[in-house]
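Student: Pasting a structure here, questions to come.
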Amino acid sequence: MLLSRRHLKVLVVGWTLACLGFTTAAASSRTAVSSRANSDDAKALFSELSRVSIDPQNTFQVQEINIDRDALHFTLHRGVLAFFTPVRGVVTGAVFLGAGEILVIPPNPIEKLQLNKFTDSPILTEAFPAAIFRFTDDTFAQVTRTLRESSASIHTDVSLKETWDEGVRNLSLNLNYNILQNLLSKHPPAYFHASLDGLTQGWFEAVQDGRALEPIVLGRVTVKEGIHYPDIWCSFRSPRDPIVRDPMGQRRLALYDLKEVSIDAHISETAALDATARLNLSFLADGERLIPFELSRGLKINAVEDDSHHSLTFFQNDLLAPGEAMRRGNDQVYVLLPGPEQAGESIELTFHYAGSVITDLGNGVYFVGARGTWYPNHGLTDLARYHLKFLYPASMNLVATGKLIHEANQEKEKSSEWDSETPIGVAGFNYGDYIEKKQSLGPVELEVYANRSLEDYVRQLQVLRQQIQSARMATATPENTRPRGIPSFPTVDLPPLPAISSEVLLNNINEATAAALKFYESWFGPYPFSKIAISQIPGRFGQGWPTLCYVSTLAFLTPDQQESLGMSRDAQVLFAGLMQAHEIAHQWWGNLVVPQTYHETWLIEGMANYASLLYANEKDSKQKTLDQELQKMKDRLLERTHEGATNESAGPIWLGWRLESSKSPSGYYNAVYDKATWIIHMMRMMMRDPSTQSDERFITALKSFLTEYKEAAVSSADFQRALEKHMTAQMNLDKNRSLDWFFDEWVYDVGIPEYRLRYSIGGSAEKGFFVSGKITQSGVSSLFEMPVPVFAHYGNRDVRLSSVVVSGAETAFRIRLPQGRFKPNHITLNDDESVLCTLKSN
């Protein structure tokens with residue numbers, strides 16, 4: 001069998017993991033293309049790659065061909081293997097039709113769990129009748145050597161070329177940048193990409209990419225209800241892959257380190273952006289020619305120059321249809337360097353670009369859409385110094401990350417300059433017709449920027465609310481006088497719609513920000529910057545860049561105003577009490593320290609989330625926001641999906657964004673926000689002094705961590721080590737001063753334990769009472785262990801007795817009661833909600 005409609009489907013779509021940016025680079029070990037290729041030659045080479053096709057002269061009948069690429073094991077049992085036409089003497093791919101098989105065994109339980117989630121097996125053994133391979137290593141030489149030794153015959157059916165060439169080229173559009181990058185590199189690492197038509201799984205991809213954080217990847221893009229999900233079945237490192245390391249010995253995604261960024265930007269009357277960005281880079285690897293950047297799809301690069309003002313070749317959506325370019329989201333831009341660079345060498349690149357990243361929403365309200373990709377960069381975790389200059393209409397206002405060092409007003413335009421003062425991970429700005437409020441909080445300048453008018457979205461809510469009120473008033477009239485067509489509603493007294501003024505918005509946010517800063521400094525140490533600006537942004541979200549927080553309009557409103565717009569109680573808690581506090585906490589967690597990889601997102605978001613709950617509780621303890629929100633998070637984690645699994649079981653929180661998949665669309669939110677918040681809470685409660693209820697030990701651990709890793713990228717292991725320095729004796733379950741037990745259970749695994757308590761109270765008033773019993777544990781691994789607090793209840797008084805370390809299926813305990821001759825009414829577990837668990841009644 002050579003062909004089916006099913007075989008061609010994925011090729012015509014041409015939508016791959018590489019297209020979404022997961023596979024960011026290609027590699028080779030031997031190549032015939034010169035790494036000194038000039039710009040014209042590179043463009044021509046890329047064009048040739050886009051026209052690859054089946055080579056009838058290199059099409060063979062094959063049997064039992066093995067291709068091993070690290071953990072990826074392919075066997076071509078029998079069929080036709082057709083190589084592509086050479087590009088500058090290098091064969092970069094092949095098509096296989098027949099009977100093939102792939103074997104992949106993930107090296108750790110986390111990835112086996114994920115693979116099982118998508119394929120119903122922790123080990124992938126999948127037959128495939130069709131495959132497309134792309135490579136720049138020695139695959140062609142290895143396979144043809146085997147074919148010569150076995151005297152394989154040439155396949156002469158020319159229809160194969162006619163049938164598959166179009167599909168091959170469609171797939172190549174997504175991979176040719178990767179291939180080109182390696183063909184031009186002096187020392188490229190390994191790269192092999194396979195698109196396989198699995199008999200049971202359908203089309204999926206298996207990739208070995210030596211430049212990726214985790215070189216081995218299995219997965220596919222799944223379309224579900226119109227949404228494209230990058231389903232990563234498994235992704236892991238190999239001990240044999242060449243890697244680029246930083247001084248701490250941690251693997252890096254980047255080929256270069258960003259040192260300084262200077263941007264001159266002009267915003268026109270129509271909100272169009274025209275900018276020049278100068279990036280100073282230091283290379284981390286030898287021999288690279290083509291280096292990637294990320295840029296908003298709304299911006300078009302006009303030219304790129306090196307530090308000698310020589311024009312450089314760049315690639316941005318070359319050979320892609322406009323619709324495909326828009327569908328990709330942010331663009332991957334590639335710049336061709338003058339020659340292979342050496343590790344440690346530096347270069348300054350200048351980008352000239354223009355386009356639209358600001359949307360005019362009317363009423364003087366603007367939405368800055370590309371807040372992190374309005375300039376070329378390669379992620380938000382590479383710390384650099386930023387210097388920003390803006391020129392914009394005199395009628396408008398602008399606020400940016402960093403400290404304002406110069407501002408000037410002209411007749412028609414304003415100019416402003418901003419300096420980051422310290423290395424930061426990302427720079428941004430906000431833009432609109434603002435009124436401002438500024439005040440000094442000691443060494444920190446607090447600035448709040450509110451729109452003079454509300455965006456249409458909020459105004460529409462006001463109008464809708466008024467219409468509902470009018471309809472209800474109409475239905476309250478007698479039937480014989482009610483206008484026809486108006487249905488009957490219960491009569492409800494709605495509060496009058498309050499006026500919404502920018503002055504009120506400013507005061508609300510100003511007071512809340514000042515209070516949050518004061519509270520966070522007591523927990524995390526001094527505010528890390530000299531300024532904090534809170535700026536209003538249309539929509540229902542927030543974002544915390546260094547010194548600049550974008551906060552939803554809805555968060556600026558008072559609770560009364562929010563209620564008048566019909567917002568639910570939960571929504572009011574989020575927007576009135578938590579959103580701005582969450583983004584302010586990111587000044588420490590996310591900006592002072594940044595996540596090393598996507599695996600650390602849980603730590604950054606979990607800490608910011610928990611900090612906002614602590615602040616809300618401090619602000620109004622009667623509301624019990626912390627307890628209520630933790631209960632909501634637990635409820636969401638325990639909710640069942642349509643497949644019957646809990647939301648929490650989507651995967652370990654260490655997997656970060658990978659948890660948002662077609663199998664668990666809300667998996668990322670539930671893990672990174674809900675479960676991570678609970679994990680921070682459990683750690684705090686274990687470190688709390690049970691007699692004084694003091695959090696000093698936990699606070700000291702957090703402050704020490706932030707001091708030690710100031711302006712650095714942190715890992716989960718770094719955070720664990722910091723906590724271990726301050727752990728209590730009761731936390732030392734394995735008697736090795738390690739928190740491996742906790743992180744293995746809660747960060748690197750799934751499961752929420754369920755406990756059942758059986759007990760009896762013995763003793764007497766003369767000799768004292770004691771409680772003995774058993775705690776059963778289910779819903780987690782048999783190796784799961786956790787200290788669970790035990791409480792005694794005496795009338796209206798509750799006493800925390802101690803913690804029982806529960807492990808395995810059942811744990812026996814005996815505790816002498818501290819109340820002398822008084823016998824408790826009953827005994828319970830986890831009254832203080834210090835453990836994420838469920839309790840089963842007897």
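Here's how to read the names in the structure tokens: chain A, B, ... by the order shown, residue numbers from 1 in each chain, ligand numbers from 1 in the order shown.
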Can you tell me, as a PyMOL selection string, which residues in region 316-400 of chain A count as strand (DSSP E) by DSSP?

Tutor: chain A and resi 331-341+346-355+358-360+366-368+385-393+397-400

Student: Just the residues within 8 Å of Thr558 (chain A), please, counting only C-alpha atoms, with nothing from its chain fewer than 4 positions along; format it as a CSV table (one decimal) with all heavy atoms, in the first residue's frame.

Tutor:
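Saved result, out-v8.csv, follows:
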```csv
chain,number,residue,atom,x,y,z
A,505,LEU,N,-11.1,55.4,40.6
A,505,LEU,CA,-10.2,54.3,40.2
A,505,LEU,C,-8.8,54.5,40.7
A,505,LEU,O,-8.2,53.6,41.2
A,505,LEU,CB,-10.2,54.2,38.7
A,505,LEU,CG,-11.6,54.1,37.9
A,505,LEU,CD1,-11.3,53.8,36.4
A,505,LEU,CD2,-12.4,52.9,38.5
A,508,ASN,N,-8.6,53.9,44.6
A,508,ASN,CA,-8.8,52.5,44.9
A,508,ASN,C,-7.5,51.8,44.8
A,508,ASN,O,-7.0,51.1,45.7
A,508,ASN,CB,-9.8,51.9,44.1
A,508,ASN,CG,-11.2,52.4,44.3
A,508,ASN,OD1,-11.5,53.1,45.3
A,508,ASN,ND2,-12.2,52.1,43.4
A,562,GLN,N,-18.6,47.1,41.1
A,562,GLN,CA,-18.6,45.8,40.5
A,562,GLN,C,-19.9,45.1,40.6
A,562,GLN,O,-20.4,44.4,39.7
A,562,GLN,CB,-17.5,44.9,41.2
A,562,GLN,CG,-16.1,45.4,40.9
A,562,GLN,CD,-15.0,44.7,41.7
A,562,GLN,OE1,-15.3,44.1,42.7
A,562,GLN,NE2,-13.8,44.7,41.2
A,576,ALA,N,-11.4,42.7,43.0
A,576,ALA,CA,-11.3,43.7,44.0
A,576,ALA,C,-10.2,43.4,44.9
A,576,ALA,O,-9.5,44.3,45.4
A,576,ALA,CB,-12.6,43.9,44.8
```

Student: To one decimal place, how far is CA of Thr401 (chain A) from CA of Pro538 (chain A) in Å?

Tutor: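 Result for CA of Thr401 (chain A) versus CA of Pro538 (chain A): 18.6 Å, one decimal.
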
Student: List the neighbours of Ser666 (chain A) out to 9 Å using only C-alpha atoms; skip same-chain residues closer than 5 positions along the sequence, and give me the result as a list in words.

Tutor: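 Once the adjacent positions are removed, what remains is Asn647, Ala650, Leu659, Glu660, Ser661 and Ala671 of chain A.
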
Student: One decimal, Å: what's the distance from CA of Val672 (chain A) over to CA of Pro215 (chain A), could you say?

Tutor: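 Between CA of Val672 (chain A) and CA of Pro215 (chain A) the gap works out to 23.8 Å.
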
Student: Between A:Leu383, A:Leu113, A:Ala271, A:Leu160, which has the minimum distance to Tyr256 (chain A) (counting only C-alpha atoms)?

Tutor: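 Answer, going by the shortest atom-to-atom distance: A:Leu383.
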
Student: Using only C-alpha atoms, pick whichever of A:Ser716, A:Thr700, A:Thr85, A:Ser841 has the shortest atom-to-atom distance to Gln596 (chain A).

Tutor: A:Ser716

Student: Give me the residues within 8 Å of region 130-143 of chain A as number ranges by chain, counting only C-alpha atoms and dropping any in the same chain fewer than 3 places off.

Tutor: A: 7, 26-31, 65, 67, 90-100, 146-147, 168, 179, 182-183, 190-198

Student: Using N, CA and C atoms, can you write the selected residues to a file as a short mmCIF file (atom, residue, chain, number, x, y, z; two decimals), in the first residue's frame?

Tutor:
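Result file is out.cif:
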```
data_model
loop_
_atom_site.label_atom_id
_atom_site.label_comp_id
_atom_site.auth_asym_id
_atom_site.auth_seq_id
_atom_site.Cartn_x
_atom_site.Cartn_y
_atom_site.Cartn_z
N HIS A 7 -3.22 9.21 4.91
CA HIS A 7 -1.79 9.50 4.93
C HIS A 7 -1.52 10.96 4.61
N ALA A 26 17.19 22.85 14.58
CA ALA A 26 17.59 21.58 13.99
C ALA A 26 19.08 21.38 14.15
N ALA A 27 19.61 20.21 13.68
CA ALA A 27 21.01 19.92 13.95
C ALA A 27 21.58 18.94 12.94
N SER A 28 22.90 18.81 12.90
CA SER A 28 23.55 17.81 12.08
C SER A 28 24.93 17.51 12.64
N SER A 29 25.49 16.37 12.21
CA SER A 29 26.85 16.04 12.62
C SER A 29 27.82 16.14 11.46
N ARG A 30 27.31 15.95 10.24
CA ARG A 30 28.16 16.10 9.06
C ARG A 30 27.35 16.78 7.97
N THR A 31 27.90 17.75 7.30
CA THR A 31 27.18 18.49 6.27
C THR A 31 28.13 18.94 5.18
N ILE A 65 15.23 -2.41 8.21
CA ILE A 65 16.17 -1.31 8.38
C ILE A 65 15.94 -0.70 9.77
N ILE A 67 16.76 2.31 12.49
CA ILE A 67 17.26 3.67 12.67
C ILE A 67 17.09 4.01 14.15
N VAL A 90 23.46 17.49 0.17
CA VAL A 90 23.00 16.93 1.45
C VAL A 90 21.57 16.45 1.30
N VAL A 91 21.32 15.21 1.63
CA VAL A 91 19.97 14.65 1.64
C VAL A 91 19.37 14.92 3.02
N THR A 92 18.21 15.57 3.04
CA THR A 92 17.64 16.03 4.31
C THR A 92 16.34 15.34 4.69
N GLY A 93 15.97 14.25 3.99
CA GLY A 93 14.74 13.59 4.38
C GLY A 93 14.38 12.42 3.51
N ALA A 94 13.29 11.77 3.89
CA ALA A 94 12.82 10.60 3.14
C ALA A 94 11.36 10.34 3.48
N VAL A 95 10.70 9.62 2.58
CA VAL A 95 9.33 9.13 2.79
C VAL A 95 9.39 7.62 2.85
N PHE A 96 8.65 7.05 3.81
CA PHE A 96 8.57 5.59 3.90
C PHE A 96 7.12 5.17 3.80
N LEU A 97 6.84 4.13 3.00
CA LEU A 97 5.52 3.52 2.88
C LEU A 97 5.68 2.01 2.99
N GLY A 98 4.92 1.40 3.90
CA GLY A 98 5.03 -0.03 4.08
C GLY A 98 4.65 -0.44 5.48
N ALA A 99 5.49 -1.23 6.12
CA ALA A 99 5.24 -1.68 7.49
C ALA A 99 6.42 -1.27 8.36
N GLY A 100 6.19 -0.26 9.23
CA GLY A 100 7.23 0.21 10.12
C GLY A 100 6.77 0.17 11.57
N THR A 146 23.65 0.37 4.64
CA THR A 146 22.94 -0.88 4.93
C THR A 146 22.28 -1.43 3.66
N LEU A 147 21.73 -0.54 2.84
CA LEU A 147 21.08 -0.98 1.60
C LEU A 147 22.08 -1.60 0.65
N VAL A 168 5.08 16.60 1.13
CA VAL A 168 6.43 16.79 1.67
C VAL A 168 6.75 18.27 1.77
N ILE A 179 16.18 23.03 9.58
CA ILE A 179 17.18 22.39 8.71
C ILE A 179 18.24 23.40 8.29
N ASN A 182 20.89 24.29 10.89
CA ASN A 182 21.95 23.29 11.07
C ASN A 182 22.90 23.21 9.90
N LEU A 183 22.36 23.37 8.70
CA LEU A 183 23.24 23.31 7.54
C LEU A 183 24.26 24.44 7.56
N ALA A 190 22.60 17.01 17.30
CA ALA A 190 21.80 16.01 16.59
C ALA A 190 20.38 16.52 16.31
N TYR A 191 19.85 16.10 15.16
CA TYR A 191 18.47 16.43 14.82
C TYR A 191 17.87 15.35 13.93
N PHE A 192 16.69 14.88 14.30
CA PHE A 192 15.95 13.90 13.51
C PHE A 192 14.48 14.12 13.82
N HIS A 193 13.67 14.31 12.77
CA HIS A 193 12.25 14.58 12.94
C HIS A 193 11.46 13.57 12.12
N ALA A 194 10.52 12.89 12.78
CA ALA A 194 9.69 11.89 12.10
C ALA A 194 8.23 12.23 12.29
N SER A 195 7.50 12.29 11.17
CA SER A 195 6.04 12.38 11.20
C SER A 195 5.52 11.00 10.81
N LEU A 196 4.79 10.38 11.72
CA LEU A 196 4.39 8.98 11.57
C LEU A 196 2.88 8.84 11.55
N ASP A 197 2.39 8.00 10.66
CA ASP A 197 0.96 7.71 10.59
C ASP A 197 0.70 6.42 11.36
N GLY A 198 0.53 6.55 12.70
CA GLY A 198 0.35 5.37 13.53
C GLY A 198 -0.97 4.66 13.26
#
```

Student: Assign secondary structure with DSSP using the backbone only, and return the residues of region 626-790 of chain A in helix (DSSP H, G or I) as a count of residues only.

Tutor: 77
